[in-house]
Number of protein chains: 2
Amino acid sequence: MSAEAEESFRKAEPGFRWSGVELLNYKEEGSAPFKAISRQTLFADPRLAGELRYFEIEAEGYSTLERHEHVHAVMILHGRGTCLVGENVRSVEPLDLVTIASWTWHQFRASAGEKLGFLCLVNKDRDRPQLPSAEELEALRANPCAADFFDGGKKSP
Amino acid sequence: MSAEAEESFRKAEPGFRWSGVELLNYKEEGSAPFKAISRQTLFADPRLAGELRYFEIEAEGYSTLERHEHVHAVMILHGRGTCLVGENVRSVEPLDLVTIASWTWHQFRASAGEKLGFLCLVNKDRDRPQLPSAEELEALRANPCAADFFDGGKKSP
């Protein structure tokens, strides 16, 4: 088998890992609020206009609450969790699809006792995320569902 | 919940279907050789440079043997099967990753008695596939692994 062919096939390994795919920090530590989340880049090919990444959030972990111009196209791969997209908080389960439109505040959280793993498709060329100001966060918390979500869903059943 | 939010969330349904996602023919019948394969477009957003599609091949079905300039980025989602990528025939299992480079002949086949379901990421702007000429098919069949693959893997264990 040629070297090119070997590169073209990456075997799945136990625990949502892949041969030749590096397990990365979600972001640089301290650059933004997040908890217990990792990142693997599954496809980032110079000839592809999109990139497909796999994120995994440990139980009770969360991604950064942020917004940006670029769109996220998410497919839940395993586990259970909750996502905030704009004004809406939704439970997510395997294979659910979530589109995050431009400039929409969003965050993913794993459920208590459950990991949450998901694919996220983005454009290769994309802008950097914005974090909410104190005022923006307060405005978001005016929505009781969002406030409960930010507090880790403690009021949820 | 706003109409926009409803659109942003598409619930997974049993049997690898999604709410609001149409089950499509793989291609126009008779336009190319293929067998027992369906297509669903999971993400095709004007603001995304990529599209994510889900293909499902019934047991013993197959996709078209073809090549094109655009790259395919494939993740197997469920089932078992085999893929030909250039000179190489590989068994594929859930979560395996397959990159199909430009102008590389490729085809997917489901195993006997098993469906094969996979995600395929492509550029939104892409060229149309080419089918092999009789001479090109003969050249591909000079590879015994490829010939066995085209014959449905009857010589495989």
# chains A, B, ... in the order shown; residues from 1 in each chain; ligands from 1
>>> interface_residues(of="chain A", to="chain B", cutoff="9 Å", atoms="only C-alpha atoms", output="ChimeraX atom specification")
/A:1-2,5,7-13,16,18,42-43,45,47-52,70-74,85-88,90,92-102,121-124
>>> atom_distance(atom1="atom CA of Pro144 of chain A", atom2="atom CA of Glu114 of chain A")
23.8 Å
>>> residues_around(residues="Ser91 of chain A", least_positions_apart="6", cutoff="10 Å", atoms="only C-alpha atoms", output="list in words")
Arg80, Gly81, Thr82, Cys83, Leu84, Phe108, Arg109, Ala110 and Ser111 of chain A
>>> atom_distance(atom1="atom CA of Ile37 of chain A", atom2="atom CA of Glu58 of chain A")
6.3 Å
>>> select_by_dssp(residues="chain A", states="strand (DSSP E)", output="number ranges by chain")
A: 9-10, 12-13, 17-18, 24-25, 35-43, 50-62, 72-79, 81-85, 88-92, 97-100, 106-110, 116-123
>>> select_by_dssp(residues="chain A", states="alpha helix (DSSP H)", output="count of residues only")
21
>>> closest_atom_pairs(of="segment 20-82 of chain A", to="segment 128-136 of chain A", cutoff="10 Å", atoms="only C-alpha atoms", output="Markdown table")
| residue | atom | partner | partner_atom | distance |
| --- | --- | --- | --- | --- |
| A:Ala32 | CA | A:Leu131 | CA | 7.6 |
| A:Pro33 | CA | A:Leu131 | CA | 9.0 |
| A:Thr64 | CA | A:Leu131 | CA | 8.1 |
| A:Leu65 | CA | A:Leu131 | CA | 6.7 |
| A:Glu66 | CA | A:Leu131 | CA | 4.9 |
| A:Arg67 | CA | A:Gln130 | CA | 5.3 |
| A:His68 | CA | A:Pro129 | CA | 4.7 |
| A:Glu69 | CA | A:Pro129 | CA | 8.0 |
| A:His70 | CA | A:Arg128 | CA | 8.6 |
>>> write_last_selection(atoms="N, CA and C atoms", output="mmCIF file, in the first residue's frame")
data_model
loop_
_atom_site.group_PDB
_atom_site.id
_atom_site.type_symbol
_atom_site.label_atom_id
_atom_site.label_comp_id
_atom_site.auth_asym_id
_atom_site.auth_seq_id
_atom_site.Cartn_x
_atom_site.Cartn_y
_atom_site.Cartn_z
ATOM 1 N N ALA A 32 -10.218 31.695 27.438
ATOM 2 C CA ALA A 32 -11.681 31.850 27.458
ATOM 3 C C ALA A 32 -12.217 30.868 28.499
ATOM 4 N N PRO A 33 -13.441 31.097 28.997
ATOM 5 C CA PRO A 33 -14.010 30.119 29.940
ATOM 6 C C PRO A 33 -14.452 28.852 29.205
ATOM 7 N N THR A 64 -17.034 27.027 25.385
ATOM 8 C CA THR A 64 -17.082 28.471 25.638
ATOM 9 C C THR A 64 -18.401 29.055 25.127
ATOM 10 N N LEU A 65 -18.995 29.917 25.916
ATOM 11 C CA LEU A 65 -20.131 30.713 25.438
ATOM 12 C C LEU A 65 -19.561 31.802 24.539
ATOM 13 N N GLU A 66 -19.918 31.764 23.262
ATOM 14 C CA GLU A 66 -19.292 32.689 22.304
ATOM 15 C C GLU A 66 -20.177 32.880 21.082
ATOM 16 N N ARG A 67 -19.763 33.808 20.223
ATOM 17 C CA ARG A 67 -20.437 34.002 18.933
ATOM 18 C C ARG A 67 -19.408 34.460 17.913
ATOM 19 N N HIS A 68 -19.751 34.310 16.645
ATOM 20 C CA HIS A 68 -18.832 34.663 15.546
ATOM 21 C C HIS A 68 -19.636 34.721 14.262
ATOM 22 N N GLU A 69 -18.989 35.219 13.224
ATOM 23 C CA GLU A 69 -19.694 35.324 11.940
ATOM 24 C C GLU A 69 -19.878 33.944 11.309
ATOM 25 N N HIS A 70 -18.884 33.073 11.456
ATOM 26 C CA HIS A 70 -18.975 31.789 10.758
ATOM 27 C C HIS A 70 -20.042 30.882 11.383
#
>>> decode(residues="segment 70-93 of chain B", atoms="N, CA and C atoms", output="mmCIF file, in the first residue's frame")
data_model
loop_
_atom_site.group_PDB
_atom_site.id
_atom_site.type_symbol
_atom_site.label_atom_id
_atom_site.label_comp_id
_atom_site.auth_asym_id
_atom_site.auth_seq_id
_atom_site.Cartn_x
_atom_site.Cartn_y
_atom_site.Cartn_z
ATOM 1 N N HIS B 70 -12.986 17.099 -7.069
ATOM 2 C CA HIS B 70 -13.235 17.450 -5.668
ATOM 3 C C HIS B 70 -12.914 16.275 -4.735
ATOM 4 N N VAL B 71 -12.611 16.633 -3.510
ATOM 5 C CA VAL B 71 -12.189 15.676 -2.480
ATOM 6 C C VAL B 71 -13.411 15.211 -1.687
ATOM 7 N N HIS B 72 -13.416 13.942 -1.310
ATOM 8 C CA HIS B 72 -14.424 13.422 -0.380
ATOM 9 C C HIS B 72 -13.777 13.204 0.980
ATOM 10 N N ALA B 73 -14.474 13.597 2.031
ATOM 11 C CA ALA B 73 -14.038 13.307 3.405
ATOM 12 C C ALA B 73 -15.164 12.505 4.052
ATOM 13 N N VAL B 74 -14.885 11.216 4.285
ATOM 14 C CA VAL B 74 -15.934 10.270 4.693
ATOM 15 C C VAL B 74 -15.703 9.785 6.122
ATOM 16 N N MET B 75 -16.772 9.748 6.907
ATOM 17 C CA MET B 75 -16.769 9.060 8.200
ATOM 18 C C MET B 75 -17.860 7.995 8.171
ATOM 19 N N ILE B 76 -17.459 6.748 8.452
ATOM 20 C CA ILE B 76 -18.444 5.672 8.521
ATOM 21 C C ILE B 76 -19.271 5.877 9.790
ATOM 22 N N LEU B 77 -20.580 5.758 9.652
ATOM 23 C CA LEU B 77 -21.449 6.006 10.806
ATOM 24 C C LEU B 77 -21.999 4.705 11.395
ATOM 25 N N HIS B 78 -22.336 3.761 10.547
ATOM 26 C CA HIS B 78 -22.795 2.456 11.072
ATOM 27 C C HIS B 78 -22.674 1.397 9.990
ATOM 28 N N GLY B 79 -22.672 0.142 10.427
ATOM 29 C CA GLY B 79 -22.630 -0.979 9.493
ATOM 30 C C GLY B 79 -21.216 -1.374 9.111
ATOM 31 N N ARG B 80 -21.147 -2.224 8.113
ATOM 32 C CA ARG B 80 -19.863 -2.752 7.649
ATOM 33 C C ARG B 80 -19.852 -2.718 6.133
ATOM 34 N N GLY B 81 -18.676 -2.552 5.573
ATOM 35 C CA GLY B 81 -18.572 -2.567 4.127
ATOM 36 C C GLY B 81 -17.132 -2.537 3.700
ATOM 37 N N THR B 82 -16.947 -2.213 2.446
ATOM 38 C CA THR B 82 -15.627 -2.204 1.835
ATOM 39 C C THR B 82 -15.562 -0.971 0.949
ATOM 40 N N CYS B 83 -14.376 -0.372 0.868
ATOM 41 C CA CYS B 83 -14.239 0.720 -0.089
ATOM 42 C C CYS B 83 -13.007 0.502 -0.952
ATOM 43 N N LEU B 84 -13.153 0.882 -2.203
ATOM 44 C CA LEU B 84 -12.023 0.953 -3.120
ATOM 45 C C LEU B 84 -11.643 2.423 -3.232
ATOM 46 N N VAL B 85 -10.358 2.741 -2.972
ATOM 47 C CA VAL B 85 -9.839 4.103 -3.157
ATOM 48 C C VAL B 85 -8.527 3.943 -3.917
ATOM 49 N N GLY B 86 -8.547 4.281 -5.192
ATOM 50 C CA GLY B 86 -7.365 4.060 -6.027
ATOM 51 C C GLY B 86 -7.061 2.580 -6.129
ATOM 52 N N GLU B 87 -5.862 2.189 -5.730
ATOM 53 C CA GLU B 87 -5.419 0.791 -5.830
ATOM 54 C C GLU B 87 -5.820 -0.021 -4.594
ATOM 55 N N ASN B 88 -6.411 0.618 -3.600
ATOM 56 C CA ASN B 88 -6.570 -0.025 -2.296
ATOM 57 C C ASN B 88 -8.014 -0.374 -1.969
ATOM 58 N N VAL B 89 -8.190 -1.582 -1.490
ATOM 59 C CA VAL B 89 -9.495 -2.041 -1.020
ATOM 60 C C VAL B 89 -9.390 -2.218 0.493
ATOM 61 N N ARG B 90 -10.267 -1.556 1.236
ATOM 62 C CA ARG B 90 -10.212 -1.608 2.698
ATOM 63 C C ARG B 90 -11.585 -1.947 3.262
ATOM 64 N N SER B 91 -11.604 -2.738 4.320
ATOM 65 C CA SER B 91 -12.839 -2.926 5.089
ATOM 66 C C SER B 91 -13.068 -1.674 5.927
ATOM 67 N N VAL B 92 -14.314 -1.290 6.052
ATOM 68 C CA VAL B 92 -14.622 -0.104 6.859
ATOM 69 C C VAL B 92 -15.644 -0.442 7.934
ATOM 70 N N GLU B 93 -15.459 0.207 9.064
ATOM 71 C CA GLU B 93 -16.281 -0.008 10.252
ATOM 72 C C GLU B 93 -16.664 1.359 10.809
#
